file my_file_24.csv (CSV, C-alpha atoms)
chain,number,residue,atom,x,y,z
J,384,MET,CA,-7.2,19.3,-1.9
J,385,VAL,CA,-8.1,16.0,-0.5
J,386,ALA,CA,-6.8,12.9,-2.3
J,387,ILE,CA,-9.3,10.1,-1.7
J,388,ILE,CA,-7.8,6.6,-2.1
J,389,THR,CA,-9.9,3.4,-2.4
J,390,LEU,CA,-9.3,0.0,-3.9
J,391,ASN,CA,-11.4,-2.3,-6.1
J,392,TYR,CA,-10.9,-6.0,-6.3
J,393,ASN,CA,-13.7,-7.7,-8.3
J,394,GLN,CA,-16.3,-5.7,-6.4
J,395,ASN,CA,-17.8,-3.4,-8.9
J,396,GLU,CA,-21.2,-3.2,-7.2
J,397,TYR,CA,-19.8,-2.0,-3.9
J,398,THR,CA,-17.2,0.2,-5.5
J,399,LEU,CA,-19.7,2.0,-7.8
J,400,LYS,CA,-22.0,2.7,-4.8
J,401,CYS,CA,-19.0,4.0,-2.9
J,402,ILE,CA,-18.0,6.3,-5.8
J,403,GLU,CA,-21.5,7.6,-6.1
J,404,SER,CA,-21.6,8.6,-2.4
J,405,ILE,CA,-18.1,10.3,-2.7
J,406,LEU,CA,-19.2,12.3,-5.7
J,407,GLN,CA,-22.2,13.7,-3.6
J,408,SER,CA,-19.7,15.1,-1.1
J,409,LYS,CA,-20.3,18.8,-0.1
J,410,TYR,CA,-16.5,19.2,0.0
J,411,GLY,CA,-15.7,20.3,-3.5
J,412,ASN,CA,-11.9,20.2,-3.6
J,413,PHE,CA,-11.1,16.5,-3.9
J,414,LYS,CA,-9.9,14.0,-6.3
J,415,LEU,CA,-10.7,10.2,-6.1
J,416,PHE,CA,-7.8,7.8,-6.9
J,417,LEU,CA,-9.5,4.6,-7.7
J,418,ILE,CA,-7.0,1.7,-7.7
J,419,ASP,CA,-8.1,-1.5,-9.4
J,420,ASN,CA,-6.0,-4.0,-7.5
J,421,GLY,CA,-5.6,-6.9,-9.9
J,422,SER,CA,-9.3,-7.6,-10.8
J,423,THR,CA,-10.1,-9.8,-13.8
J,424,MET,CA,-9.8,-7.9,-17.0
J,425,LYS,CA,-13.6,-8.4,-17.5
J,426,ASN,CA,-14.3,-6.8,-14.1
J,427,PHE,CA,-11.9,-3.9,-14.8
J,428,ARG,CA,-13.5,-3.1,-18.2
J,429,GLU,CA,-16.9,-3.1,-16.7
J,430,LEU,CA,-15.7,-0.8,-13.9
J,431,LYS,CA,-14.0,1.5,-16.4
J,432,ASN,CA,-17.1,1.7,-18.5
J,433,SER,CA,-19.4,2.3,-15.6
J,434,ILE,CA,-17.7,5.1,-13.7
J,435,LEU,CA,-18.6,8.7,-14.4
J,436,LYS,CA,-16.2,10.5,-16.7
J,437,THR,CA,-15.0,13.4,-14.6
J,438,THR,CA,-11.7,15.1,-13.7
J,439,GLN,CA,-12.5,14.2,-10.1
J,440,ILE,CA,-11.7,10.5,-10.7
J,441,GLU,CA,-8.3,9.1,-11.6
J,442,LEU,CA,-8.5,5.3,-12.4
J,443,TYR,CA,-5.4,3.1,-12.2
J,444,ARG,CA,-5.0,-0.6,-12.7
J,445,ILE,CA,-2.5,-2.9,-11.0
J,446,GLU,CA,-2.1,-6.1,-13.1
J,447,LYS,CA,-1.5,-8.4,-10.1
J,448,ASN,CA,-3.1,-8.0,-6.7
J,449,LYS,CA,-0.7,-6.2,-4.3
J,450,GLY,CA,-2.9,-6.7,-1.3
J,451,TYR,CA,-4.5,-4.0,0.8
J,452,VAL,CA,-1.1,-2.6,1.9
J,453,GLY,CA,0.4,-2.6,-1.6
J,454,GLY,CA,-2.7,-1.2,-3.2
J,455,ILE,CA,-3.0,1.7,-0.7
J,456,ASN,CA,0.8,2.5,-1.0
J,457,PHE,CA,0.4,2.5,-4.8
J,458,GLY,CA,-2.5,5.0,-4.4
J,459,LEU,CA,-0.5,7.2,-2.1
J,460,GLU,CA,2.4,7.3,-4.5
J,461,LYS,CA,0.2,8.2,-7.5
J,462,ALA,CA,-1.9,10.7,-5.5
J,463,SER,CA,1.2,12.5,-4.1
J,464,LEU,CA,2.1,13.6,-7.6
J,465,PHE,CA,-1.0,15.9,-7.5
J,466,ASP,CA,0.3,17.6,-4.4
J,467,PRO,CA,-2.7,17.2,-2.1
J,468,GLU,CA,-2.9,18.7,1.4
J,469,PHE,CA,-4.7,15.6,2.8
J,470,PHE,CA,-5.1,11.9,2.0
J,471,LEU,CA,-8.3,10.2,2.8
J,472,VAL,CA,-8.0,6.4,2.8
J,473,MET,CA,-11.3,4.5,2.8
J,474,ASN,CA,-12.6,1.0,2.0
J,475,ASN,CA,-14.6,0.5,-1.1
J,476,ASP,CA,-17.5,-1.5,0.6
J,477,THR,CA,-18.7,1.7,2.2
J,478,ILE,CA,-21.1,4.6,1.8
J,479,ILE,CA,-19.8,7.9,3.0
J,480,ASP,CA,-22.0,10.8,4.2
J,481,LYS,CA,-22.0,13.9,2.1
J,482,ASN,CA,-20.7,16.0,5.0
J,483,ALA,CA,-18.0,13.6,6.1
J,484,VAL,CA,-15.0,14.9,4.1
J,485,ASN,CA,-15.7,18.4,5.2
J,486,GLU,CA,-15.9,17.4,8.9
J,487,LEU,CA,-12.7,15.3,8.7
J,488,VAL,CA,-10.8,18.3,7.3
J,489,LYS,CA,-12.3,20.8,9.8
J,490,THR,CA,-11.3,18.5,12.7
J,491,CYS,CA,-7.8,18.0,11.4
J,492,ASN,CA,-7.4,21.8,11.1
J,493,LYS,CA,-8.5,22.2,14.7
J,494,PHE,CA,-5.5,20.1,15.7
J,495,LYS,CA,-3.2,22.2,13.5
J,496,ASN,CA,-3.0,19.3,11.0
J,497,LYS,CA,-1.1,17.1,13.4
J,498,ALA,CA,-3.7,14.4,13.5
J,499,ILE,CA,-5.1,11.3,11.8
J,500,VAL,CA,-8.9,11.7,11.9
J,501,THR,CA,-11.7,9.2,11.6
J,502,GLY,CA,-15.5,9.3,12.3
J,503,LYS,CA,-18.5,7.1,13.1
J,504,VAL,CA,-18.5,3.8,11.2
J,505,TYR,CA,-21.8,2.1,11.1
J,506,HIS,CA,-22.8,-1.4,10.0
J,507,TYR,CA,-23.8,-1.3,6.3
J,508,GLU,CA,-27.0,-3.4,6.9
J,509,GLU,CA,-27.8,-2.0,10.3
J,510,PRO,CA,-27.4,1.7,9.6
J,511,ASN,CA,-27.8,3.0,13.2
J,512,LYS,CA,-25.5,0.3,14.8
J,513,LEU,CA,-21.9,1.3,15.5
J,514,GLN,CA,-19.2,-0.8,14.0
J,515,ASP,CA,-16.0,1.3,14.7
J,516,ILE,CA,-15.2,4.6,16.4
J,517,GLY,CA,-11.7,3.8,17.6
J,518,TYR,CA,-9.9,1.9,20.4
J,519,SER,CA,-8.7,2.6,23.9
J,520,PHE,CA,-5.9,0.8,25.7
J,521,TYR,CA,-6.8,-1.2,28.8
J,522,ASN,CA,-3.1,-2.2,29.0
J,523,LYS,CA,-1.0,0.3,27.2
J,524,LYS,CA,2.4,-1.5,27.7
J,525,ALA,CA,1.0,-4.7,26.2
J,526,LEU,CA,-0.9,-2.8,23.5
J,527,LYS,CA,-4.2,-4.5,24.6
J,528,ILE,CA,-7.2,-2.7,23.4
J,529,ASN,CA,-11.0,-2.3,23.8
J,530,ARG,CA,-13.1,-1.5,20.8
J,531,ILE,CA,-15.2,1.4,21.8
J,532,GLY,CA,-18.9,1.3,21.1
J,533,LEU,CA,-18.9,-1.9,19.1
J,534,ASN,CA,-22.4,-3.0,18.0
J,535,GLU,CA,-24.1,-0.3,20.2
J,536,GLU,CA,-27.1,1.5,18.8
J,537,ASP,CA,-26.2,5.1,18.3
J,538,ALA,CA,-28.2,7.2,20.8
J,539,GLY,CA,-25.7,10.1,20.8
J,540,GLN,CA,-23.5,8.5,23.5
J,541,PHE,CA,-20.4,9.2,21.4
J,542,ASN,CA,-21.0,12.7,20.2
J,543,GLU,CA,-17.8,14.4,21.4
J,544,VAL,CA,-14.6,14.9,19.5
J,545,SER,CA,-12.2,12.6,21.3
J,546,GLU,CA,-8.6,11.4,21.2
J,547,ARG,CA,-8.2,7.6,20.7
J,548,ASP,CA,-5.3,5.2,21.5
J,549,LEU,CA,-5.7,3.5,18.1
J,550,LEU,CA,-7.9,3.9,15.0
J,551,ASP,CA,-9.0,1.6,12.2
J,552,ASP,CA,-8.5,2.8,8.6
J,553,VAL,CA,-12.0,1.9,7.3
J,554,PHE,CA,-11.8,5.6,6.6
J,555,TRP,CA,-9.3,8.1,8.0
J,556,LEU,CA,-7.8,11.4,6.9
J,557,PHE,CA,-4.3,12.6,7.5
J,558,PRO,CA,-2.1,15.5,6.2
J,559,SER,CA,0.2,14.7,3.3
J,560,ILE,CA,3.2,15.9,5.4
J,561,LEU,CA,2.7,12.8,7.5
J,562,TYR,CA,3.3,10.6,4.4
J,563,GLU,CA,6.4,12.6,3.7
J,564,GLU,CA,7.6,12.0,7.2
J,565,ILE,CA,7.0,8.3,7.8
J,566,GLY,CA,6.1,6.9,4.4
J,567,GLY,CA,3.2,4.6,3.6
J,568,TYR,CA,2.0,1.4,5.2
J,569,SER,CA,4.8,-1.0,6.1
J,570,PRO,CA,5.4,-3.7,3.4
J,571,TYR,CA,5.8,-6.3,6.1
J,572,PHE,CA,2.0,-6.5,6.2
J,573,TRP,CA,-0.4,-7.7,3.5
J,574,PHE,CA,-3.7,-7.5,5.3
J,575,SER,CA,-4.5,-6.7,9.0
J,576,ALA,CA,-2.5,-4.7,11.6
J,577,GLU,CA,-1.1,-2.3,9.0
J,578,GLN,CA,-3.3,0.5,10.2
J,579,ALA,CA,-2.2,0.0,13.9
J,580,ASP,CA,1.4,0.0,12.9
J,581,PHE,CA,0.9,3.2,10.8
J,582,ALA,CA,-1.0,4.9,13.6
J,583,LEU,CA,1.7,4.2,16.3
J,584,ARG,CA,4.4,5.4,13.9
J,585,ALA,CA,2.5,8.6,13.4
J,586,LYS,CA,2.2,9.1,17.2
J,587,GLU,CA,5.9,8.8,17.5
J,588,TYR,CA,6.1,11.9,15.3
J,589,GLY,CA,3.7,13.8,17.5
J,590,TYR,CA,0.4,13.2,15.7
J,591,LYS,CA,-2.8,12.6,17.6
J,592,LEU,CA,-5.5,10.0,16.7
J,593,ILE,CA,-8.8,11.8,16.7
J,594,TYR,CA,-12.4,10.7,16.4
J,595,THR,CA,-15.2,13.1,15.3
J,596,PRO,CA,-18.8,12.1,15.5
J,597,LEU,CA,-19.8,14.4,12.6
J,598,ALA,CA,-18.1,12.4,9.9
J,599,LYS,CA,-20.2,9.3,9.2
J,600,LEU,CA,-19.7,6.2,7.0
J,601,TRP,CA,-21.5,2.8,6.6
J,602,HIS,CA,-19.2,-0.3,6.1
J,603,LYS,CA,-20.0,-3.8,4.9
J,604,GLY,CA,-16.7,-5.4,6.1
J,605,SER,CA,-14.3,-8.1,4.7
J,606,VAL,CA,-16.3,-8.8,1.6
J,607,SER,CA,-13.1,-9.4,-0.4
J,608,PHE,CA,-12.4,-12.5,1.8
J,609,GLY,CA,-15.9,-13.9,2.3
J,610,GLY,CA,-16.5,-12.3,5.7
J,611,ARG,CA,-14.7,-12.9,9.0
J,612,GLY,CA,-16.1,-15.6,11.3
J,613,ARG,CA,-13.8,-18.7,11.3
J,614,ASN,CA,-12.3,-17.7,8.0
J,615,PRO,CA,-8.9,-19.5,7.4
J,616,LYS,CA,-7.8,-16.9,4.8
J,617,ILE,CA,-8.1,-14.0,7.3
J,618,ALA,CA,-6.9,-16.2,10.3
J,619,TYR,CA,-3.6,-16.8,8.4
J,620,TRP,CA,-2.9,-13.2,7.7
J,621,HIS,CA,-4.2,-12.0,11.1
J,622,MET,CA,-1.8,-14.3,12.9
J,623,GLN,CA,1.3,-13.3,11.0
J,624,SER,CA,0.4,-9.6,11.0
J,625,THR,CA,-0.5,-9.4,14.7
J,626,LEU,CA,2.8,-11.0,15.6
J,627,ILE,CA,4.9,-8.7,13.3
J,628,PHE,CA,3.0,-5.7,14.7
J,629,ARG,CA,3.6,-6.6,18.3
J,630,TYR,CA,7.2,-7.5,17.7
J,631,ARG,CA,7.8,-4.0,16.2
J,632,HIS,CA,6.1,-2.1,19.0
J,633,LEU,CA,6.4,-4.1,22.2
J,634,SER,CA,9.3,-4.7,24.6
J,635,LYS,CA,11.0,-8.1,23.9
J,636,LEU,CA,9.7,-9.4,27.3
J,637,LEU,CA,6.1,-8.4,26.7
J,638,PHE,CA,6.3,-9.8,23.2
J,639,MET,CA,7.6,-13.2,24.3
J,640,ASN,CA,4.7,-13.4,26.8
J,641,GLN,CA,2.2,-12.8,24.0
J,642,TYR,CA,4.1,-15.0,21.5
J,643,PHE,CA,3.6,-18.1,23.8
J,644,LYS,CA,0.0,-17.2,24.4
J,645,LYS,CA,-0.5,-17.4,20.7
J,646,TRP,CA,0.9,-20.9,20.7
J,647,PHE,CA,-1.5,-21.8,23.4
J,648,GLY,CA,-4.3,-20.3,21.4
J,649,ILE,CA,-3.5,-22.5,18.4
J,650,PHE,CA,-3.4,-25.6,20.6
J,651,SER,CA,-6.8,-24.6,22.0
J,652,SER,CA,-8.3,-24.1,18.5
J,653,TYR,CA,-7.2,-27.6,17.5
J,654,LEU,CA,-8.7,-29.0,20.7
J,655,LYS,CA,-12.0,-27.2,20.1
J,656,VAL,CA,-12.4,-28.7,16.6
J,657,LEU,CA,-11.6,-32.1,17.9
J,658,LEU,CA,-14.3,-31.8,20.6
J,659,GLU,CA,-16.8,-30.6,18.0
J,660,LYS,CA,-16.0,-33.6,15.8
J,661,LEU,CA,-16.5,-35.9,18.8
J,662,GLN,CA,-19.9,-34.3,19.3
J,663,GLY,CA,-20.9,-35.1,15.7
J,664,GLU,CA,-20.6,-31.5,14.5
J,665,LYS,CA,-19.4,-30.7,11.0
J,666,SER,CA,-16.1,-29.1,11.6
J,667,ASP,CA,-12.6,-29.2,10.1
J,668,PHE,CA,-9.0,-28.2,11.1
J,669,LYS,CA,-8.6,-25.5,8.4
J,670,TYR,CA,-9.0,-22.6,10.9
J,671,PRO,CA,-6.5,-23.7,13.5
J,672,TYR,CA,-4.2,-24.9,10.7
J,673,ALA,CA,-4.3,-21.4,9.2
J,674,LYS,CA,-3.3,-20.0,12.6
J,675,LEU,CA,-0.4,-22.4,12.8
J,676,LEU,CA,0.9,-21.5,9.3
J,677,GLY,CA,0.6,-17.9,10.2
J,678,MET,CA,2.8,-18.5,13.2
J,679,LEU,CA,5.3,-20.4,11.1
J,680,TYR,CA,5.4,-17.5,8.6
J,681,PHE,CA,6.2,-15.1,11.4
J,682,ASN,CA,9.0,-17.3,12.6
J,683,LYS,CA,10.5,-17.3,9.2
J,684,TRP,CA,10.0,-13.5,9.0
J,685,LEU,CA,12.1,-13.1,12.2
J,686,ILE,CA,15.1,-14.4,10.3
J,687,ILE,CA,14.8,-12.9,6.8
J,688,ARG,CA,12.6,-9.8,7.4
J,689,ASN,CA,10.9,-10.2,4.0
J,690,ASN,CA,8.2,-7.9,2.5
J,691,ASN,CA,4.8,-9.7,2.4
J,692,ILE,CA,3.9,-10.7,-1.1
J,693,GLY,CA,0.5,-12.1,-0.1
J,694,ASN,CA,0.9,-15.8,-0.6
J,695,ASN,CA,-1.9,-17.5,1.3
J,696,PRO,CA,-2.5,-21.3,1.1
J,697,PHE,CA,-6.2,-20.7,1.8
J,698,ASN,CA,-6.7,-18.3,-1.0
J,699,LYS,CA,-6.9,-19.8,-4.5
J,700,ASN,CA,-6.2,-16.4,-6.0
J,701,SER,CA,-2.9,-15.8,-4.1
call {"tool": "encode", "arguments": {"input": "my_file_24.csv", "output": "structure tokens"}}
result
Amino acid sequence: MVAIITLNYNQNEYTLKCIESILQSKYGNFKLFLIDNGSTMKNFRELKNSILKTTQIELYRIEKNKGYVGGINFGLEKASLFDPEFFLVMNNDTIIDKNAVNELVKTCNKFKNKAIVTGKVYHYEEPNKLQDIGYSFYNKKALKINRIGLNEEDAGQFNEVSERDLLDDVFWLFPSILYEEIGGYSPYFWFSAEQADFALRAKEYGYKLIYTPLAKLWHKGSVSFGGRGRNPKIAYWHMQSTLIFRYRHLSKLLFMNQYFKKWFGIFSSYLKVLLEKLQGEKSDFKYPYAKLLGMLYFNKWLIIRNNNIGNNPFNKNS
């Protein structure tokens, strides 16, 4: 059995389309664990009343938003009670191809179930343009990566099953034994870098990170936070998460090098906004300020090693 885990946070329209695509899957032996992650009660009731009543869907509600990491860990814990052979974690702002689950399982089997497997992620609104098919290191020691195929039109140039250095968890499948071995996502993260941390921990246990072109999915991207761009909500979490991730997986010397580069980047962001203001552009300091606060959060984390509870000064719902 494949336990499919996805979160909803006040996004019924996307979630219902995602569920519809999952239920059309040609892989019959699955159960969807839909976690409502602190949506308004009105939103949750609408969702509950709108989903198809079937034994293939288990709906749970978390009263207060636990963030992406907390929500997925909650789903893994609930799903594990049903003794699945595989977990499939996927974003709710997605449409999954009807053959995707089958192809993910087949590929994992080929690697003797010692793999995390993902597939082709396309842009939601540009259905033949690639968004994510994994990452390769251009500097392995420093964990510096290239995003393979980003924004390329799919002309069959990535049609081979391949091993990757890192994967994103827009959708990925892994055997349940991996969860037993390393646990869920690290609670040090709230949003961003949790998947890279999980993937590297899995590799330490001998798991490969595999991409298969036959599993396809279309992804909107960051709709819970209003998109990426110069978004201070995401910048705050990205700064703290990136630093925690690199501290956990880099040598201390390499980490310190990147740590000071982050400080330089914050200074550069402030300077950029100042120059834009001098040129008469509408700009403010929220984005660089978010980076600065993320840095200060990390410095505090170094001392107390606290779990991340998601407080974000740029998110009115935190």
call {"tool": "residues_around", "arguments": {"input": "my_file_24.csv", "residues": "region 571-580 of chain J", "least_positions_apart": "5", "cutoff": "10 Å", "atoms": "all atoms listed in the file", "output": "JSON, numbers by chain"}}
result
{"J": [449, 450, 451, 452, 453, 454, 548, 549, 550, 551, 552, 553, 555, 585, 617, 618, 619, 620, 621, 622, 623, 624, 625, 626, 627, 628, 629, 631, 632, 684, 688, 689, 690, 691, 692, 693, 694]}
call {"tool": "residues_near_point", "arguments": {"input": "my_file_24.csv", "point": "(3.0, -1.0, 27.3)", "cutoff": "12 Å", "atoms": "only C-alpha atoms", "output": "PyMOL selection string"}}
result
chain J and resi 520-528+548+629+632-638
call {"tool": "write_last_selection", "arguments": {"input": "my_file_24.csv", "atoms": "C-alpha atoms", "output": "tab-separated table (two decimals), keeping the file's coordinate frame"}}
result
chain	number	residue	atom	x	y	z
J	520	PHE	CA	-5.90	0.80	25.70
J	521	TYR	CA	-6.80	-1.20	28.80
J	522	ASN	CA	-3.10	-2.20	29.00
J	523	LYS	CA	-1.00	0.30	27.20
J	524	LYS	CA	2.40	-1.50	27.70
J	525	ALA	CA	1.00	-4.70	26.20
J	526	LEU	CA	-0.90	-2.80	23.50
J	527	LYS	CA	-4.20	-4.50	24.60
J	528	ILE	CA	-7.20	-2.70	23.40
J	548	ASP	CA	-5.30	5.20	21.50
J	629	ARG	CA	3.60	-6.60	18.30
J	632	HIS	CA	6.10	-2.10	19.00
J	633	LEU	CA	6.40	-4.10	22.20
J	634	SER	CA	9.30	-4.70	24.60
J	635	LYS	CA	11.00	-8.10	23.90
J	636	LEU	CA	9.70	-9.40	27.30
J	637	LEU	CA	6.10	-8.40	26.70
J	638	PHE	CA	6.30	-9.80	23.20
call {"tool": "residues_around", "arguments": {"input": "my_file_24.csv", "residues": "Gln407 (chain J)", "least_positions_apart": "2", "cutoff": "10 Å", "atoms": "only C-alpha atoms", "output": "JSON list (two decimals) with C-alpha atoms, in the frame of the given file"}}
result
[["chain", "number", "residue", "atom", "x", "y", "z"],
["J", 402, "ILE", "CA", -18.00, 6.30, -5.80],
["J", 403, "GLU", "CA", -21.50, 7.60, -6.10],
["J", 404, "SER", "CA", -21.60, 8.60, -2.40],
["J", 405, "ILE", "CA", -18.10, 10.30, -2.70],
["J", 409, "LYS", "CA", -20.30, 18.80, -0.10],
["J", 410, "TYR", "CA", -16.50, 19.20, 0.00],
["J", 411, "GLY", "CA", -15.70, 20.30, -3.50],
["J", 479, "ILE", "CA", -19.80, 7.90, 3.00],
["J", 480, "ASP", "CA", -22.00, 10.80, 4.20],
["J", 481, "LYS", "CA", -22.00, 13.90, 2.10],
["J", 482, "ASN", "CA", -20.70, 16.00, 5.00]]
call {"tool": "atom_distance", "arguments": {"input": "my_file_24.csv", "atom1": "CA of Glu486 (chain J)", "atom2": "CA of Ala598 (chain J)"}}
result
5.6 Å
call {"tool": "closest_residue", "arguments": {"input": "my_file_24.csv", "among": "J:Pro596, J:Gly458, J:Gly567, J:Gly532", "to": "Val500 (chain J)", "atoms": "all atoms listed in the file"}}
result
J:Pro596
call {"tool": "residues_near_point", "arguments": {"input": "my_file_24.csv", "point": "(-16.7, 2.3, -8.1)", "cutoff": "9 Å", "atoms": "all atoms listed in the file", "output": "short mmCIF file (atom, residue, chain, number, x, y, z; two decimals) with C-alpha atoms, in the coordinates of the input"}}
result
data_model
loop_
_atom_site.label_atom_id
_atom_site.label_comp_id
_atom_site.auth_asym_id
_atom_site.auth_seq_id
_atom_site.Cartn_x
_atom_site.Cartn_y
_atom_site.Cartn_z
CA THR J 389 -9.90 3.40 -2.40
CA LEU J 390 -9.30 0.00 -3.90
CA ASN J 391 -11.40 -2.30 -6.10
CA GLN J 394 -16.30 -5.70 -6.40
CA ASN J 395 -17.80 -3.40 -8.90
CA GLU J 396 -21.20 -3.20 -7.20
CA TYR J 397 -19.80 -2.00 -3.90
CA THR J 398 -17.20 0.20 -5.50
CA LEU J 399 -19.70 2.00 -7.80
CA LYS J 400 -22.00 2.70 -4.80
CA CYS J 401 -19.00 4.00 -2.90
CA ILE J 402 -18.00 6.30 -5.80
CA GLU J 403 -21.50 7.60 -6.10
CA LEU J 417 -9.50 4.60 -7.70
CA LEU J 430 -15.70 -0.80 -13.90
CA LYS J 431 -14.00 1.50 -16.40
CA SER J 433 -19.40 2.30 -15.60
CA ILE J 434 -17.70 5.10 -13.70
CA ASN J 475 -14.60 0.50 -1.10
#
call {"tool": "closest_residue", "arguments": {"input": "my_file_24.csv", "among": "J:Tyr588, J:Trp646, J:Phe681, J:Tyr505", "to": "Ile560 (chain J)", "atoms": "all atoms listed in the file"}}
result
J:Tyr588
call {"tool": "atom_distance", "arguments": {"input": "my_file_24.csv", "atom1": "CA of Leu675 (chain J)", "atom2": "CA of Ser422 (chain J)"}}
result
29.2 Å
call {"tool": "closest_residue", "arguments": {"input": "my_file_24.csv", "among": "J:Gly589, J:Gly539, J:Pro510, J:Gly421", "to": "Lys603 (chain J)", "atoms": "only C-alpha atoms"}}
result
J:Pro510
call {"tool": "closest_residue", "arguments": {"input": "my_file_24.csv", "among": "J:Ile649, J:Leu661, J:Leu583, J:Ala538", "to": "Ser569 (chain J)", "atoms": "only C-alpha atoms"}}
result
J:Leu583
call {"tool": "residues_around", "arguments": {"input": "my_file_24.csv", "residues": "Lys503 (chain J)", "least_positions_apart": "3", "cutoff": "9 Å", "atoms": "only C-alpha atoms", "output": "PDB file with C-alpha atoms, in the coordinates of the input"}}
result
ATOM      1  CA  LEU J 513     -21.900   1.300  15.500  1.00  0.00           C
ATOM      2  CA  GLN J 514     -19.200  -0.800  14.000  1.00  0.00           C
ATOM      3  CA  ASP J 515     -16.000   1.300  14.700  1.00  0.00           C
ATOM      4  CA  ILE J 516     -15.200   4.600  16.400  1.00  0.00           C
ATOM      5  CA  GLY J 517     -11.700   3.800  17.600  1.00  0.00           C
ATOM      6  CA  PHE J 541     -20.400   9.200  21.400  1.00  0.00           C
ATOM      7  CA  TYR J 594     -12.400  10.700  16.400  1.00  0.00           C
ATOM      8  CA  THR J 595     -15.200  13.100  15.300  1.00  0.00           C
ATOM      9  CA  PRO J 596     -18.800  12.100  15.500  1.00  0.00           C
ATOM     10  CA  LEU J 597     -19.800  14.400  12.600  1.00  0.00           C
ATOM     11  CA  ALA J 598     -18.100  12.400   9.900  1.00  0.00           C
ATOM     12  CA  LYS J 599     -20.200   9.300   9.200  1.00  0.00           C
ATOM     13  CA  LEU J 600     -19.700   6.200   7.000  1.00  0.00           C
ATOM     14  CA  TRP J 601     -21.500   2.800   6.600  1.00  0.00           C
TER      15      TRP J 601
END
call {"tool": "atom_distance", "arguments": {"input": "my_file_24.csv", "atom1": "CA of Asn426 (chain J)", "atom2": "CA of Pro615 (chain J)"}}
result
25.5 Å
call {"tool": "decode", "arguments": {"input": "my_file_24.csv", "residues": "region 518-557 of chain J", "atoms": "C-alpha atoms", "output": "PDB file, in the first residue's frame"}}
result
ATOM      1  CA  TYR J 518      19.609  18.827  -8.334  1.00  0.00           C
ATOM      2  CA  SER J 519      23.269  18.126  -8.999  1.00  0.00           C
ATOM      3  CA  PHE J 520      26.224  19.322  -6.942  1.00  0.00           C
ATOM      4  CA  TYR J 521      28.728  21.628  -8.621  1.00  0.00           C
ATOM      5  CA  ASN J 522      30.572  21.798  -5.295  1.00  0.00           C
ATOM      6  CA  LYS J 523      29.754  18.741  -3.213  1.00  0.00           C
ATOM      7  CA  LYS J 524      31.822  19.721  -0.158  1.00  0.00           C
ATOM      8  CA  ALA J 525      30.032  23.065   0.085  1.00  0.00           C
ATOM      9  CA  LEU J 526      26.651  21.534  -0.859  1.00  0.00           C
ATOM     10  CA  LYS J 527      26.272  23.988  -3.727  1.00  0.00           C
ATOM     11  CA  ILE J 528      23.761  22.827  -6.295  1.00  0.00           C
ATOM     12  CA  ASN J 529      22.469  23.354  -9.805  1.00  0.00           C
ATOM     13  CA  ARG J 530      18.773  22.921 -10.448  1.00  0.00           C
ATOM     14  CA  ILE J 531      18.542  20.569 -13.400  1.00  0.00           C
ATOM     15  CA  GLY J 532      16.319  21.552 -16.328  1.00  0.00           C
ATOM     16  CA  LEU J 533      14.677  24.539 -14.643  1.00  0.00           C
ATOM     17  CA  ASN J 534      12.203  26.293 -16.993  1.00  0.00           C
ATOM     18  CA  GLU J 535      13.246  24.215 -20.000  1.00  0.00           C
ATOM     19  CA  GLU J 536      10.608  23.045 -22.455  1.00  0.00           C
ATOM     20  CA  ASP J 537      10.324  19.277 -22.203  1.00  0.00           C
ATOM     21  CA  ALA J 538      11.580  17.890 -25.504  1.00  0.00           C
ATOM     22  CA  GLY J 539      12.568  14.510 -24.105  1.00  0.00           C
ATOM     23  CA  GLN J 540      16.026  15.660 -22.998  1.00  0.00           C
ATOM     24  CA  PHE J 541      15.549  14.179 -19.493  1.00  0.00           C
ATOM     25  CA  ASN J 542      13.974  10.843 -20.338  1.00  0.00           C
ATOM     26  CA  GLU J 543      16.360   8.550 -18.478  1.00  0.00           C
ATOM     27  CA  VAL J 544      16.038   7.239 -14.932  1.00  0.00           C
ATOM     28  CA  SER J 545      18.894   8.986 -13.129  1.00  0.00           C
ATOM     29  CA  GLU J 546      20.429   9.367  -9.702  1.00  0.00           C
ATOM     30  CA  ARG J 547      20.374  12.882  -8.242  1.00  0.00           C
ATOM     31  CA  ASP J 548      22.450  14.607  -5.575  1.00  0.00           C
ATOM     32  CA  LEU J 549      19.359  16.218  -4.028  1.00  0.00           C
ATOM     33  CA  LEU J 550      15.612  16.161  -4.624  1.00  0.00           C
ATOM     34  CA  ASP J 551      12.708  18.435  -3.818  1.00  0.00           C
ATOM     35  CA  ASP J 552       9.669  16.990  -2.083  1.00  0.00           C
ATOM     36  CA  VAL J 553       7.016  18.563  -4.301  1.00  0.00           C
ATOM     37  CA  PHE J 554       6.289  14.878  -4.672  1.00  0.00           C
ATOM     38  CA  TRP J 555       8.460  11.983  -3.667  1.00  0.00           C
ATOM     39  CA  LEU J 556       7.968   8.379  -2.653  1.00  0.00           C
ATOM     40  CA  PHE J 557      10.023   6.395  -0.169  1.00  0.00           C
TER      41      PHE J 557
END
